[in-house]
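Heads up: the structure comes next, in structure tokens.
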Amino acid sequence: AFLLHDDTLERTTDGKGPALARTWAELARVDAGAWHSPPYAGARLPRLDEVLDFCARHDCALNLELKPAPGDARRTGATVAAEVAEGARHAAAAPLPVLSSFDVEALEAAATVAPALPRALLLEGFSPGWLETAQRLGCVAVVGEQSAWTPETAAVAARAGLRRLAYTVNDEAQASRLLALGLDGLITDRVDHFRP
């Protein structure tokens with residue numbers, strides 16, 4: 001298992017095509033840093049075991065989003081959950097990573113393989129049935145798009161005992177609004193701006 005935001009390689013690496021169509025030997029050679037800026041040129045795609053090891057050594061909490069390639073949800077959920085569970089056995093002091101996803105099938109597979117790992121349902125909006133889905137999946141949290149959170153959705157999630165997080169909050173006024181709703185955490189690109 002490895003970390004990559006997109007299904008394809010073009011946007012964030014010098015590779016081409018779907019990542020799923022490549023072997024690890026091929027993926028290990030792509031430059032995943034030059035697109036960002038010169039100091040990052042030559043950076044490689046990180047393997048999941050490397051990230052888990054880093055987090056365990058530095059006592060980092062990890063929200064690991066399951067981002068399966070199209071048609072690969074079950075395998076992705078199961079593979080990542082198995083690798084995270086194995087890593088957790090060797091890093092007993094570190095907090096367990098949370099597996100989060102928009103993809104219900106990936107979360108189902110993760111729950112089957114490693115039911116003890118905490119899970120979170122990612123939501124673009126709070127459409128009917130969201131709470132039932134989160135509860136059926138055994139989620140400990142819901143992570144909603146920042147503008148979708150309302151006093152009502154925050155209260156429903158709190159009554160259900162779910163942790164409440166919002167993504168991607170880069171604006172101070174929006175952060176204040178969400179914290180006033182009682183949300184437990186914010187996901188941001190501005191780690192230099194918002195303090196824990």
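Naming works like this for the structure tokens: A, B, ... for the chains as they're shown, residue 1 at the start of each chain, ligands 1 onward in shown order.
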Output as JSON lines one row per residue of stretch 19-115 of chain A within 12 Å of stretch 127-140 of chain A: the closest atom pair and its distance in Å to one decimal place, counting only C-alpha atoms, sorted by chain and residue number ascending.
```
{"residue": "A:Pro97", "atom": "CA", "partner": "A:Val140", "partner_atom": "CA", "distance": 11.9}
{"residue": "A:Val98", "atom": "CA", "partner": "A:Val140", "partner_atom": "CA", "distance": 8.8}
{"residue": "A:Leu99", "atom": "CA", "partner": "A:Cys139", "partner_atom": "CA", "distance": 9.3}
{"residue": "A:Ser100", "atom": "CA", "partner": "A:Cys139", "partner_atom": "CA", "distance": 8.8}
{"residue": "A:Ser101", "atom": "CA", "partner": "A:Cys139", "partner_atom": "CA", "distance": 10.6}
{"residue": "A:Phe102", "atom": "CA", "partner": "A:Ala134", "partner_atom": "CA", "distance": 10.8}
{"residue": "A:Asp103", "atom": "CA", "partner": "A:Thr133", "partner_atom": "CA", "distance": 11.1}
{"residue": "A:Val104", "atom": "CA", "partner": "A:Leu137", "partner_atom": "CA", "distance": 8.0}
{"residue": "A:Glu105", "atom": "CA", "partner": "A:Leu137", "partner_atom": "CA", "distance": 9.7}
{"residue": "A:Ala106", "atom": "CA", "partner": "A:Leu137", "partner_atom": "CA", "distance": 10.4}
{"residue": "A:Leu107", "atom": "CA", "partner": "A:Leu137", "partner_atom": "CA", "distance": 7.0}
{"residue": "A:Glu108", "atom": "CA", "partner": "A:Leu137", "partner_atom": "CA", "distance": 6.4}
{"residue": "A:Ala109", "atom": "CA", "partner": "A:Leu137", "partner_atom": "CA", "distance": 9.9}
{"residue": "A:Ala110", "atom": "CA", "partner": "A:Leu137", "partner_atom": "CA", "distance": 9.6}
{"residue": "A:Ala111", "atom": "CA", "partner": "A:Leu137", "partner_atom": "CA", "distance": 7.3}
{"residue": "A:Thr112", "atom": "CA", "partner": "A:Leu137", "partner_atom": "CA", "distance": 9.9}
{"residue": "A:Ala114", "atom": "CA", "partner": "A:Gly138", "partner_atom": "CA", "distance": 11.7}
{"residue": "A:Pro115", "atom": "CA", "partner": "A:Gly138", "partner_atom": "CA", "distance": 8.5}
```
* **7 Å contact set for stretch 10-22 of chain A, only C-alpha atoms, chain neighbours under 4 positions out, as a ChimeraX atom specification** => /A:26-27,30-33,35,69
* From the DSSP assignment of the backbone, select every residue of chain A that is strand (DSSP E or B), and format the answer as a PyMOL selection string. => chain A and resi 2+8+18+47+63-65+98-101+119-123+141-145+163-167+185-186
Mind writing the picked residues with C-alpha atoms as a short mmCIF file (atom, residue, chain, number, x, y, z; two decimals), in the first residue's frame?
```
data_model
loop_
_atom_site.label_atom_id
_atom_site.label_comp_id
_atom_site.auth_asym_id
_atom_site.auth_seq_id
_atom_site.Cartn_x
_atom_site.Cartn_y
_atom_site.Cartn_z
CA PHE A 2 1.20 3.51 -0.81
CA THR A 8 -3.79 8.92 -11.78
CA PRO A 18 -3.67 5.19 -13.53
CA ARG A 47 4.69 3.48 1.29
CA ASN A 63 -6.28 10.12 9.98
CA LEU A 64 -5.69 7.83 7.02
CA GLU A 65 -8.13 8.36 4.16
CA VAL A 98 -8.39 6.37 12.11
CA LEU A 99 -9.43 4.97 8.73
CA SER A 100 -11.70 7.46 7.00
CA SER A 101 -13.38 7.36 3.60
CA ARG A 119 -13.32 4.39 11.33
CA ALA A 120 -14.76 7.72 10.18
CA LEU A 121 -17.29 8.45 7.45
CA LEU A 122 -16.37 11.35 5.18
CA LEU A 123 -19.34 13.37 3.93
CA ALA A 141 -16.51 9.97 13.81
CA VAL A 142 -18.03 11.82 10.90
CA VAL A 143 -15.94 14.24 8.88
CA GLY A 144 -18.13 16.70 7.01
CA GLU A 145 -17.34 19.31 4.41
CA ARG A 163 -16.67 12.76 17.05
CA ARG A 164 -17.26 15.66 14.65
CA LEU A 165 -14.65 17.05 12.29
CA ALA A 166 -14.72 19.40 9.31
CA TYR A 167 -12.60 19.65 6.17
CA GLY A 185 -11.45 19.05 15.14
CA LEU A 186 -10.64 20.82 11.92
#
```
Need to verify the contact set: A:Val113, 7 Å, only C-alpha atoms, exclusion of same-chain residues closer than 6 positions in sequence. Can you return it as a PDB file with N, CA, C and O atoms, in the first residue's frame?
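New file around-v3.pdb:
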```
ATOM      1  N   ALA A  78      -9.452  -3.516   2.601  1.00  0.00           N
ATOM      2  CA  ALA A  78      -8.920  -4.700   3.282  1.00  0.00           C
ATOM      3  C   ALA A  78      -7.395  -4.635   3.405  1.00  0.00           C
ATOM      4  O   ALA A  78      -6.837  -4.937   4.469  1.00  0.00           O
ATOM      5  N   ALA A  81      -6.361  -1.817   5.909  1.00  0.00           N
ATOM      6  CA  ALA A  81      -6.703  -2.200   7.285  1.00  0.00           C
ATOM      7  C   ALA A  81      -5.761  -3.272   7.816  1.00  0.00           C
ATOM      8  O   ALA A  81      -5.312  -3.194   8.969  1.00  0.00           O
ATOM      9  N   ALA A  82      -5.440  -4.265   6.984  1.00  0.00           N
ATOM     10  CA  ALA A  82      -4.529  -5.327   7.422  1.00  0.00           C
ATOM     11  C   ALA A  82      -3.142  -4.763   7.729  1.00  0.00           C
ATOM     12  O   ALA A  82      -2.520  -5.114   8.745  1.00  0.00           O
TER      13      ALA A  82
END
```
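If you measure from each of A:Asp171, A:Gly71, A:Ser176, A:Leu181 to A:His193 using only C-alpha atoms, the closest one turns out to be A:Asp171.
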* To do: Mind listing the helix (DSSP H, G or I) residues of chain A, per DSSP on the backbone, as a ChimeraX atom specification?
  => /A:19-21,24-27,38-40,48-57,73-89,104-113,130-136,146-148,151-159,172-180
* Asked: So which one's closest to A:Ala43, A:Ile187, A:Cys55, A:Ala154, A:Ala28? Using only C-alpha atoms, please.
  -> A:Ala28
* For each of A:Glu124, A:Asp7, A:Glu83, A:Glu50, take the minimum atom-to-atom distance to A:Lys67, counting only C-alpha atoms, then give the residue where this is smallest. => A:Asp7
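Using only C-alpha atoms, the smallest distance between any of A:Val51, A:Ala1, A:Ala157, A:Leu162 and A:Val80 comes from A:Ala1.
Counting from atom CA of A:Thr150, the distance to atom CA of A:Leu66 is 25.6 Å.
The spacing separating atom CA of A:Leu3 from atom CA of A:Arg74 amounts to 16.8 Å.
Atom pair atom CA of A:Val191 / atom CA of A:Arg57: separated by 20.7 Å.
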